file my_file-v7.pdb (PDB, C-alpha atoms, pLDDT in the B column)
ATOM      1  CA  MET A 210      -6.276 -21.507  13.519  1.00 49.00           C
ATOM      2  CA  GLU A 211      -7.728 -19.305  16.232  1.00 52.00           C
ATOM      3  CA  ILE A 212      -5.519 -20.937  18.862  1.00 53.00           C
ATOM      4  CA  SER A 213      -2.292 -19.993  17.060  1.00 51.00           C
ATOM      5  CA  ASP A 214      -3.604 -16.458  16.467  1.00 51.00           C
ATOM      6  CA  GLN A 215      -4.280 -16.092  20.173  1.00 52.00           C
ATOM      7  CA  LYS A 216      -0.818 -17.378  21.039  1.00 52.00           C
ATOM      8  CA  SER A 217       0.904 -14.910  18.721  1.00 52.00           C
ATOM      9  CA  GLU A 218      -1.097 -12.090  20.292  1.00 62.00           C
ATOM     10  CA  GLN A 219       0.164 -13.118  23.719  1.00 77.00           C
ATOM     11  CA  GLU A 220       3.823 -13.270  22.698  1.00 81.00           C
ATOM     12  CA  PRO A 221       5.435  -9.908  23.426  1.00 85.00           C
ATOM     13  CA  ILE A 222       7.309  -8.232  20.607  1.00 93.00           C
ATOM     14  CA  PRO A 223      10.926  -8.091  21.768  1.00 96.00           C
ATOM     15  CA  LYS A 224      12.597  -4.715  22.127  1.00 97.00           C
ATOM     16  CA  ASP A 225      15.714  -4.717  19.929  1.00 98.00           C
ATOM     17  CA  ILE A 226      18.713  -3.547  21.944  1.00 98.00           C
ATOM     18  CA  SER A 227      21.420  -4.578  19.465  1.00 98.00           C
ATOM     19  CA  ALA A 228      22.798  -1.056  19.004  1.00 98.00           C
ATOM     20  CA  GLU A 229      23.141  -0.529  22.739  1.00 98.00           C
ATOM     21  CA  PHE A 230      24.853  -3.896  23.182  1.00 98.00           C
ATOM     22  CA  LEU A 231      27.443  -2.968  20.569  1.00 97.00           C
ATOM     23  CA  SER A 232      28.015   0.622  21.663  1.00 97.00           C
ATOM     24  CA  MET A 233      28.288   0.171  25.440  1.00 97.00           C
ATOM     25  CA  ASP A 234      30.937  -1.480  27.560  1.00 95.00           C
ATOM     26  CA  THR A 235      29.926  -4.302  29.886  1.00 93.00           C
ATOM     27  CA  PHE A 236      29.166  -2.079  32.879  1.00 95.00           C
ATOM     28  CA  GLU A 237      27.215   0.532  30.901  1.00 97.00           C
ATOM     29  CA  PHE A 238      25.173  -2.216  29.280  1.00 96.00           C
ATOM     30  CA  SER A 239      24.446  -3.817  32.639  1.00 93.00           C
ATOM     31  CA  ASP A 240      23.188  -0.467  33.953  1.00 95.00           C
ATOM     32  CA  PHE A 241      21.130  -0.018  30.783  1.00 96.00           C
ATOM     33  CA  LEU A 242      19.511  -3.448  31.278  1.00 94.00           C
ATOM     34  CA  ARG A 243      18.372  -2.413  34.733  1.00 92.00           C
ATOM     35  CA  THR A 244      16.307   0.354  33.122  1.00 94.00           C
ATOM     36  CA  LEU A 245      14.552  -2.263  30.977  1.00 94.00           C
ATOM     37  CA  ARG A 246      13.463  -4.584  33.790  1.00 89.00           C
ATOM     38  CA  LYS A 247       9.788  -4.051  32.990  1.00 91.00           C
ATOM     39  CA  GLU A 248      10.183  -4.879  29.295  1.00 94.00           C
ATOM     40  CA  PRO A 249       8.621  -8.305  28.699  1.00 94.00           C
ATOM     41  CA  ALA A 250      11.088  -9.295  25.966  1.00 95.00           C
ATOM     42  CA  LEU A 251      14.491  -8.201  24.665  1.00 96.00           C
ATOM     43  CA  SER A 252      16.462  -9.266  21.608  1.00 97.00           C
ATOM     44  CA  ILE A 253      19.941  -8.731  20.235  1.00 98.00           C
ATOM     45  CA  THR A 254      21.138  -9.593  16.730  1.00 98.00           C
ATOM     46  CA  ILE A 255      24.742  -8.871  15.820  1.00 98.00           C
ATOM     47  CA  ASP A 256      27.379  -9.766  13.275  1.00 98.00           C
ATOM     48  CA  TRP A 257      30.262 -11.889  14.571  1.00 97.00           C
ATOM     49  CA  ALA A 258      32.923  -9.640  16.084  1.00 95.00           C
ATOM     50  CA  ASP A 259      35.115 -11.831  18.287  1.00 95.00           C
ATOM     51  CA  VAL A 260      35.014 -14.483  21.003  1.00 95.00           C
ATOM     52  CA  PRO A 261      34.698 -12.050  23.958  1.00 95.00           C
ATOM     53  CA  THR A 262      31.677 -10.357  22.340  1.00 96.00           C
ATOM     54  CA  ALA A 263      30.067 -13.731  21.685  1.00 96.00           C
ATOM     55  CA  ARG A 264      30.600 -14.712  25.323  1.00 95.00           C
ATOM     56  CA  ARG A 265      29.117 -11.411  26.474  1.00 96.00           C
ATOM     57  CA  LEU A 266      26.020 -12.153  24.409  1.00 96.00           C
ATOM     58  CA  LYS A 267      25.827 -15.614  25.981  1.00 95.00           C
ATOM     59  CA  ALA A 268      25.946 -13.977  29.430  1.00 94.00           C
ATOM     60  CA  PHE A 269      23.045 -11.726  28.425  1.00 94.00           C
ATOM     61  CA  LEU A 270      20.946 -14.835  27.754  1.00 92.00           C
ATOM     62  CA  GLU A 271      22.057 -16.683  30.873  1.00 90.00           C
ATOM     63  CA  ASP A 272      21.504 -13.837  33.345  1.00 86.00           C
ATOM     64  CA  PHE A 273      19.979 -15.735  36.273  1.00 74.00           C
ATOM     65  CA  ARG A 274      18.285 -12.604  37.630  1.00 71.00           C
ATOM     66  CA  THR A 275      15.866 -12.545  34.698  1.00 69.00           C
ATOM     67  CA  LEU A 276      14.951 -16.223  34.495  1.00 63.00           C
ATOM     68  CA  GLY A 277      11.230 -16.504  34.001  1.00 69.00           C
ATOM     69  CA  LYS A 278      10.724 -12.754  34.231  1.00 83.00           C
ATOM     70  CA  GLN A 279      11.896 -11.546  30.847  1.00 90.00           C
ATOM     71  CA  LYS A 280      12.080 -13.351  27.545  1.00 92.00           C
ATOM     72  CA  ARG A 281      15.445 -12.851  25.863  1.00 94.00           C
ATOM     73  CA  SER A 282      16.766 -13.889  22.491  1.00 95.00           C
ATOM     74  CA  ALA A 283      20.174 -13.472  20.909  1.00 97.00           C
ATOM     75  CA  THR A 284      21.453 -14.130  17.403  1.00 98.00           C
ATOM     76  CA  ILE A 285      24.937 -13.921  15.910  1.00 98.00           C
ATOM     77  CA  LYS A 286      25.421 -13.779  12.167  1.00 98.00           C
ATOM     78  CA  ALA A 287      28.561 -15.820  11.560  1.00 97.00           C
ATOM     79  CA  THR A 288      30.361 -18.033   9.074  1.00 97.00           C
ATOM     80  CA  GLN A 289      30.868 -21.736   9.730  1.00 96.00           C
ATOM     81  CA  GLU A 290      34.463 -20.987  10.746  1.00 96.00           C
ATOM     82  CA  GLN A 291      33.402 -18.346  13.260  1.00 95.00           C
ATOM     83  CA  HIS A 292      30.692 -20.635  14.620  1.00 96.00           C
ATOM     84  CA  ASP A 293      33.215 -23.434  15.127  1.00 95.00           C
ATOM     85  CA  GLN A 294      35.580 -21.044  16.921  1.00 93.00           C
ATOM     86  CA  GLU A 295      33.166 -20.697  19.859  1.00 92.00           C
ATOM     87  CA  MET A 296      30.601 -23.501  19.599  1.00 92.00           C
ATOM     88  CA  ASN A 297      29.884 -23.339  23.344  1.00 93.00           C
ATOM     89  CA  VAL A 298      28.186 -19.964  22.877  1.00 95.00           C
ATOM     90  CA  PHE A 299      25.803 -21.364  20.283  1.00 95.00           C
ATOM     91  CA  ALA A 300      25.182 -24.520  22.312  1.00 92.00           C
ATOM     92  CA  SER A 301      23.996 -22.288  25.157  1.00 88.00           C
ATOM     93  CA  GLY A 302      21.054 -20.777  23.334  1.00 91.00           C
ATOM     94  CA  VAL A 303      22.537 -18.054  21.163  1.00 96.00           C
ATOM     95  CA  LYS A 304      21.047 -18.568  17.713  1.00 97.00           C
ATOM     96  CA  TRP A 305      23.348 -18.878  14.731  1.00 97.00           C
ATOM     97  CA  GLU A 306      22.461 -17.174  11.471  1.00 97.00           C
ATOM     98  CA  LYS A 307      24.864 -18.601   8.912  1.00 97.00           C
ATOM     99  CA  VAL A 308      26.392 -16.089   6.501  1.00 96.00           C
TER     100      VAL A 308
END

call {"tool": "encode", "arguments": {"input": "my_file-v7.pdb", "output": "structure tokens"}}
result
Amino acid sequence: MEISDQKSEQEPIPKDISAEFLSMDTFEFSDFLRTLRKEPALSITIDWADVPTARRLKAFLEDFRTLGKQKRSATIKATQEQHDQEMNVFASGVKWEKV
């Protein structure tokens, strides 16, 4: 039990940047991310909006400049229909929270 307790202590608590993701355009958000380079972990959880937003979230996860440097997680709350509309996004690591 001590081993798992130690592991959870080592895992950084992700900084939730969902509001910023939704309120900024692509370029503003990219600039904003540069200010968070030293954050060990970031997370975004959003409701399904549309395919372009889902793809933007996928790009956030796949940003090659952060590989290995910053832990990132992304979740979209979506219906089965919405999930099936853009399955590639979910196959790429964006988590699906079924609603």

call {"tool": "resolve_selection", "arguments": {"input": "my_file-v7.pdb", "expression": "the PyMOL selection byres ((chain A and resi 246-254) around 10)", "output": "NGL selection string"}}
result
:A and (220-231 or 241-245 or 255-257 or 266 or 269-270 or 275 or 278-286 or 303-306)

call {"tool": "atom_distance", "arguments": {"input": "my_file-v7.pdb", "atom1": "atom CA of A:Arg264", "atom2": "atom CA of A:Val298"}}
result
6.3 Å

call {"tool": "closest_residue", "arguments": {"input": "my_file-v7.pdb", "among": "A:Glu295, A:Met233, A:Phe238, A:Phe273", "to": "A:Pro261", "atoms": "all atoms listed in the file"}}
result
A:Glu295

call {"tool": "atom_distance", "arguments": {"input": "my_file-v7.pdb", "atom1": "atom CA of A:Phe299", "atom2": "atom CA of A:Thr235"}}
result
20.0 Å

call {"tool": "atom_distance", "arguments": {"input": "my_file-v7.pdb", "atom1": "atom CA of A:Asp293", "atom2": "atom CA of A:Val260"}}
result
10.9 Å

call {"tool": "residues_around", "arguments": {"input": "my_file-v7.pdb", "residues": "A:Lys307", "least_positions_apart": "4", "cutoff": "8 Å", "atoms": "only C-alpha atoms", "output": "mmCIF file with C-alpha atoms, in the frame of the given file"}}
result
data_model
loop_
_atom_site.group_PDB
_atom_site.id
_atom_site.type_symbol
_atom_site.label_atom_id
_atom_site.label_comp_id
_atom_site.auth_asym_id
_atom_site.auth_seq_id
_atom_site.Cartn_x
_atom_site.Cartn_y
_atom_site.Cartn_z
ATOM 1 C CA LYS A 286 25.421 -13.779 12.167
ATOM 2 C CA ALA A 287 28.561 -15.820 11.560
ATOM 3 C CA THR A 288 30.361 -18.033 9.074
ATOM 4 C CA GLN A 289 30.868 -21.736 9.730
#
